[in-house]
Amino acid sequence: MPGQGLGRGQGRGGGGRGGGGGTKPGSGPAGNCLCPKCGHKLPHQAGQRCLDIACPKCGTKMVRE
């Protein structure tokens, strides 16, 4: 019938999201924050970004391990 083929395949699947949501694999609440300068590690605190933490040894911003 005319018009029944419209919209077929639209609005479903794909969309470029890939299921990742933009997060790094394995970046859940567990893990460590790492100082890229001196190598000091701290346990990651849920809800706090490692980039917002200064290394207690040298003051450099921490990164996620």
# chains A, B, ... in the order shown; residues from 1 in each chain; ligands from 1

$ residues_around --residues "Gly39 in chain A" --least-positions-apart "6" --cutoff "12 Å" --atoms "only C-alpha atoms" --output "VMD selection string"
chain A and resid 32 to 33 55 to 65

$ atom_distance --atom1 "CA of His40 in chain A" --atom2 "CA of Asp52 in chain A"
15.2 Å

$ atom_distance --atom1 "CA of His44 in chain A" --atom2 "CA of Ala30 in chain A"
6.2 Å
